Amino acid sequence: MEAEVERLIRLALAARENAYAPYSGFAVGAALQAASGRIYTGANVENAAFSPTNCAERSALFHAVSQGERAFVRIAIVGGPKGQAPESLCAPCGVCRQCLLEFCDPKQFECILAVSTEQYERRSLEELLPLGFGPSSLQKKGI
Ligand code: THU
């Protein structure tokens, strides 16, 4: 389990090298483990018009879903100023939390916010997005 987490962090760090972040100078990498065992990576891709920018987490998630994946176990995220090793934890933005909720059980799915393979925090999606509005919300009359 610990080795699996460290492997995911290494893959997120490698993915971060491909971040396209000429506007913010903030490079983010993510590695998402599907229930199938396959791992999908992503980096942030910015845009001159700013709002079309895609975060690393959504790059990884949308790639995975495009490949047919529908269930996920965990994601590792690393971020910080481009060209430097990360120095602090990078938490997913609200939009990415919402996108993850579409496919992930908030109690089971784990977000690994990492600085390095030695320094990281593990949080459930539920901790990061309490009382989220997800697919199951549409089946109920209230929370
Ligand atoms: N960013 C991510 O890719 N993931 C996050 O969790 C936070 C922010 C990106 C978006 C933008 O390209 C840059 O980091 C600065 O916000």
# chains A, B, ... in the order shown; residues from 1 in each chain; ligands from 1

call {"tool": "select_by_dssp", "arguments": {"residues": "chain A", "states": "alpha helix (DSSP H)", "output": "PyMOL selection string"}}
result
chain A and resi 2-16+56-66+94-103+125-128

call {"tool": "residues_around", "arguments": {"residues": "Glu126 in chain A", "least_positions_apart": "5", "cutoff": "8 Å", "atoms": "only C-alpha atoms", "output": "VMD selection string"}}
result
chain A and resid 106 to 107 131 to 132

call {"tool": "closest_residue", "arguments": {"among": "A:Leu113, A:Cys93, A:Ile9, A:Val45", "to": "Leu129 in chain A", "atoms": "only C-alpha atoms"}}
result
A:Cys93

call {"tool": "closest_atom_pairs", "arguments": {"of": "chain A", "to": "ligand 1", "cutoff": "10 Å", "atoms": "only C-alpha atoms and all ligand atoms", "output": "CSV"}}
result
residue,atom,partner,partner_atom_place_in_ligand_line,distance
A:Arg16,CA,ligand 1,3 (O),9.2
A:Ala19,CA,ligand 1,12 (O),8.2
A:Tyr20,CA,ligand 1,12 (O),7.6
A:Ala21,CA,ligand 1,12 (O),5.6
A:Pro22,CA,ligand 1,12 (O),8.6
A:Tyr23,CA,ligand 1,12 (O),7.7
A:Ser24,CA,ligand 1,15 (C),5.3
A:Gly25,CA,ligand 1,13 (C),7.3
A:Phe26,CA,ligand 1,13 (C),5.1
A:Ala27,CA,ligand 1,14 (O),6.1
A:Val28,CA,ligand 1,3 (O),4.8
A:Gly29,CA,ligand 1,3 (O),7.0
A:Ala30,CA,ligand 1,3 (O),8.2
A:Gly42,CA,ligand 1,3 (O),8.7
A:Ala43,CA,ligand 1,3 (O),6.4
A:Asn44,CA,ligand 1,3 (O),4.3
A:Val45,CA,ligand 1,12 (O),6.1
A:Glu46,CA,ligand 1,12 (O),5.2
A:Asn47,CA,ligand 1,12 (O),8.4
A:Phe50,CA,ligand 1,12 (O),8.5
A:Ser51,CA,ligand 1,11 (C),9.5
A:Pro52,CA,ligand 1,12 (O),9.7
A:Thr53,CA,ligand 1,12 (O),6.0
A:Asn54,CA,ligand 1,10 (C),6.4
A:Cys55,CA,ligand 1,3 (O),3.2
A:Ala56,CA,ligand 1,3 (O),4.0
A:Glu57,CA,ligand 1,4 (N),6.0
A:Arg58,CA,ligand 1,3 (O),7.9
A:Ser59,CA,ligand 1,3 (O),8.4
A:Ile77,CA,ligand 1,6 (O),7.3
A:Val78,CA,ligand 1,6 (O),8.2
A:Gly79,CA,ligand 1,4 (N),7.3
A:Gly80,CA,ligand 1,14 (O),8.2
A:Pro81,CA,ligand 1,15 (C),9.3
A:Leu89,CA,ligand 1,6 (O),9.7
A:Cys90,CA,ligand 1,6 (O),6.0
A:Ala91,CA,ligand 1,6 (O),5.2
A:Pro92,CA,ligand 1,6 (O),3.3
A:Cys93,CA,ligand 1,6 (O),4.7
A:Gly94,CA,ligand 1,6 (O),8.3
A:Val95,CA,ligand 1,6 (O),9.0
A:Cys96,CA,ligand 1,6 (O),7.1
A:Arg97,CA,ligand 1,6 (O),8.9
A:Leu113,CA,ligand 1,6 (O),9.4

call {"tool": "residues_around", "arguments": {"residues": "Thr117 in chain A", "least_positions_apart": "2", "cutoff": "10 Å", "atoms": "only C-alpha atoms", "output": "MDAnalysis selection string"}}
result
chainID A and resid 2:3 5:10 13 114:115 119:120

call {"tool": "closest_residue", "arguments": {"among": "A:Leu125, A:Arg74, A:Leu138, A:Ala49", "to": "Leu101 in chain A", "atoms": "only C-alpha atoms"}}
result
A:Leu125

call {"tool": "residues_around", "arguments": {"residues": "Gln67 in chain A", "least_positions_apart": "6", "cutoff": "12 Å", "atoms": "only C-alpha atoms", "output": "PyMOL selection string"}}
result
chain A and resi 34+36+38-40+60-61

call {"tool": "closest_residue", "arguments": {"among": "A:Gly68, A:Leu11, A:Gly134, A:Ser116", "to": "Pro86 in chain A", "atoms": "only C-alpha atoms"}}
result
A:Ser116

call {"tool": "residues_around", "arguments": {"residues": "Ala35 in chain A", "least_positions_apart": "2", "cutoff": "9 Å", "atoms": "only C-alpha atoms", "output": "CSV table (one decimal) with N, CA and C atoms, in the first residue's frame"}}
result
chain,number,residue,atom,x,y,z
A,33,GLN,N,-5.1,6.5,-9.9
A,33,GLN,CA,-5.2,5.0,-10.0
A,33,GLN,C,-6.6,4.6,-10.2
A,37,GLY,N,-6.6,-0.9,-11.9
A,37,GLY,CA,-5.1,-1.0,-11.6
A,37,GLY,C,-4.3,-0.1,-12.5
A,38,ARG,N,-4.9,0.3,-13.6
A,38,ARG,CA,-4.2,1.2,-14.5
A,38,ARG,C,-4.0,2.6,-13.9
A,69,GLU,N,-12.5,4.0,-18.2
A,69,GLU,CA,-12.5,3.8,-16.8
A,69,GLU,C,-13.7,4.5,-16.2
A,70,ARG,N,-14.3,3.9,-15.1
A,70,ARG,CA,-15.4,4.6,-14.4
A,70,ARG,C,-15.3,4.5,-12.9
A,71,ALA,N,-14.2,3.8,-12.4
A,71,ALA,CA,-14.1,3.7,-10.9
A,71,ALA,C,-12.6,3.9,-10.6
A,72,PHE,N,-12.4,4.6,-9.5
A,72,PHE,CA,-11.1,5.0,-9.1
A,72,PHE,C,-10.8,4.8,-7.6
A,73,VAL,N,-9.5,4.6,-7.3
A,73,VAL,CA,-9.0,4.3,-6.0
A,73,VAL,C,-8.4,5.5,-5.3
A,74,ARG,N,-7.5,6.1,-6.0
A,74,ARG,CA,-6.8,7.3,-5.4
A,74,ARG,C,-6.1,8.2,-6.4

call {"tool": "residues_around", "arguments": {"residues": "Pro135 in chain A", "least_positions_apart": "6", "cutoff": "10 Å", "atoms": "only C-alpha atoms", "output": "list in words"}}
result
Leu101, Glu102, Phe103 and Cys104 of chain A

call {"tool": "write_last_selection", "arguments": {"atoms": "C-alpha atoms", "output": "compact mmCIF listing (two decimals), in the first residue's frame"}}
result
# COMPACT_ATOMS: atom_id res chain seq x y z
CA LEU A 101 -17.10 13.18 -7.04
CA GLU A 102 -18.81 12.26 -10.30
CA PHE A 103 -16.85 8.98 -10.42
CA CYS A 104 -15.47 8.37 -6.93

call {"tool": "residues_around", "arguments": {"residues": "Arg123 in chain A", "least_positions_apart": "2", "cutoff": "7 Å", "atoms": "only C-alpha atoms", "output": "VMD selection string"}}
result
chain A and resid 110 to 112 121 125 127

call {"tool": "write_last_selection", "arguments": {"atoms": "all heavy atoms", "output": "compact mmCIF listing (two decimals), in the first residue's frame"}}
result
# COMPACT_ATOMS: atom_id res chain seq x y z
N GLU A 110 -9.24 8.28 -2.16
CA GLU A 110 -8.19 8.93 -1.38
C GLU A 110 -7.43 9.96 -2.23
O GLU A 110 -7.02 9.65 -3.36
CB GLU A 110 -7.24 7.81 -0.94
CG GLU A 110 -6.24 8.19 0.06
CD GLU A 110 -5.39 7.00 0.48
OE1 GLU A 110 -5.14 6.08 -0.32
OE2 GLU A 110 -4.95 7.00 1.63
N CYS A 111 -7.24 11.14 -1.69
CA CYS A 111 -6.43 12.17 -2.33
C CYS A 111 -5.11 12.27 -1.58
O CYS A 111 -5.10 12.51 -0.37
CB CYS A 111 -7.13 13.53 -2.29
SG CYS A 111 -8.69 13.54 -3.19
N ILE A 112 -4.03 12.06 -2.30
CA ILE A 112 -2.70 12.13 -1.68
C ILE A 112 -2.06 13.44 -2.10
O ILE A 112 -1.73 13.64 -3.27
CB ILE A 112 -1.84 10.92 -2.11
CG1 ILE A 112 -2.50 9.64 -1.58
CG2 ILE A 112 -0.42 11.04 -1.58
CD1 ILE A 112 -2.31 8.47 -2.46
N GLU A 121 0.21 13.95 2.60
CA GLU A 121 -0.97 13.77 3.47
C GLU A 121 -2.03 13.03 2.68
O GLU A 121 -2.19 13.27 1.49
CB GLU A 121 -1.55 15.12 3.90
CG GLU A 121 -0.74 15.78 4.98
CD GLU A 121 -1.39 17.07 5.47
OE1 GLU A 121 -2.60 17.26 5.27
OE2 GLU A 121 -0.64 17.87 6.05
N LEU A 125 -11.93 11.97 -0.22
CA LEU A 125 -12.61 13.00 -1.00
C LEU A 125 -13.70 13.65 -0.15
O LEU A 125 -13.96 14.86 -0.27
CB LEU A 125 -13.21 12.38 -2.28
CG LEU A 125 -13.93 13.33 -3.22
CD1 LEU A 125 -13.02 14.47 -3.67
CD2 LEU A 125 -14.47 12.56 -4.43
N GLU A 127 -13.53 14.35 2.99
CA GLU A 127 -12.91 15.40 3.83
C GLU A 127 -12.71 16.68 3.02
O GLU A 127 -12.81 17.79 3.57
CB GLU A 127 -11.55 14.93 4.33
CG GLU A 127 -11.58 13.94 5.46
CD GLU A 127 -10.16 13.54 5.83
OE1 GLU A 127 -9.61 12.64 5.15
OE2 GLU A 127 -9.61 14.11 6.78

call {"tool": "select_by_dssp", "arguments": {"residues": "chain A", "states": "strand (DSSP E or B)", "output": "count of residues only"}}
result
37

call {"tool": "closest_residue", "arguments": {"among": "A:His63, A:Ala48, A:Gln84, A:Ala76", "to": "Arg122 in chain A", "atoms": "only C-alpha atoms"}}
result
A:Ala76

call {"tool": "atom_distance", "arguments": {"atom1": "CA of Gln139 in chain A", "atom2": "CA of Phe62 in chain A"}}
result
24.2 Å
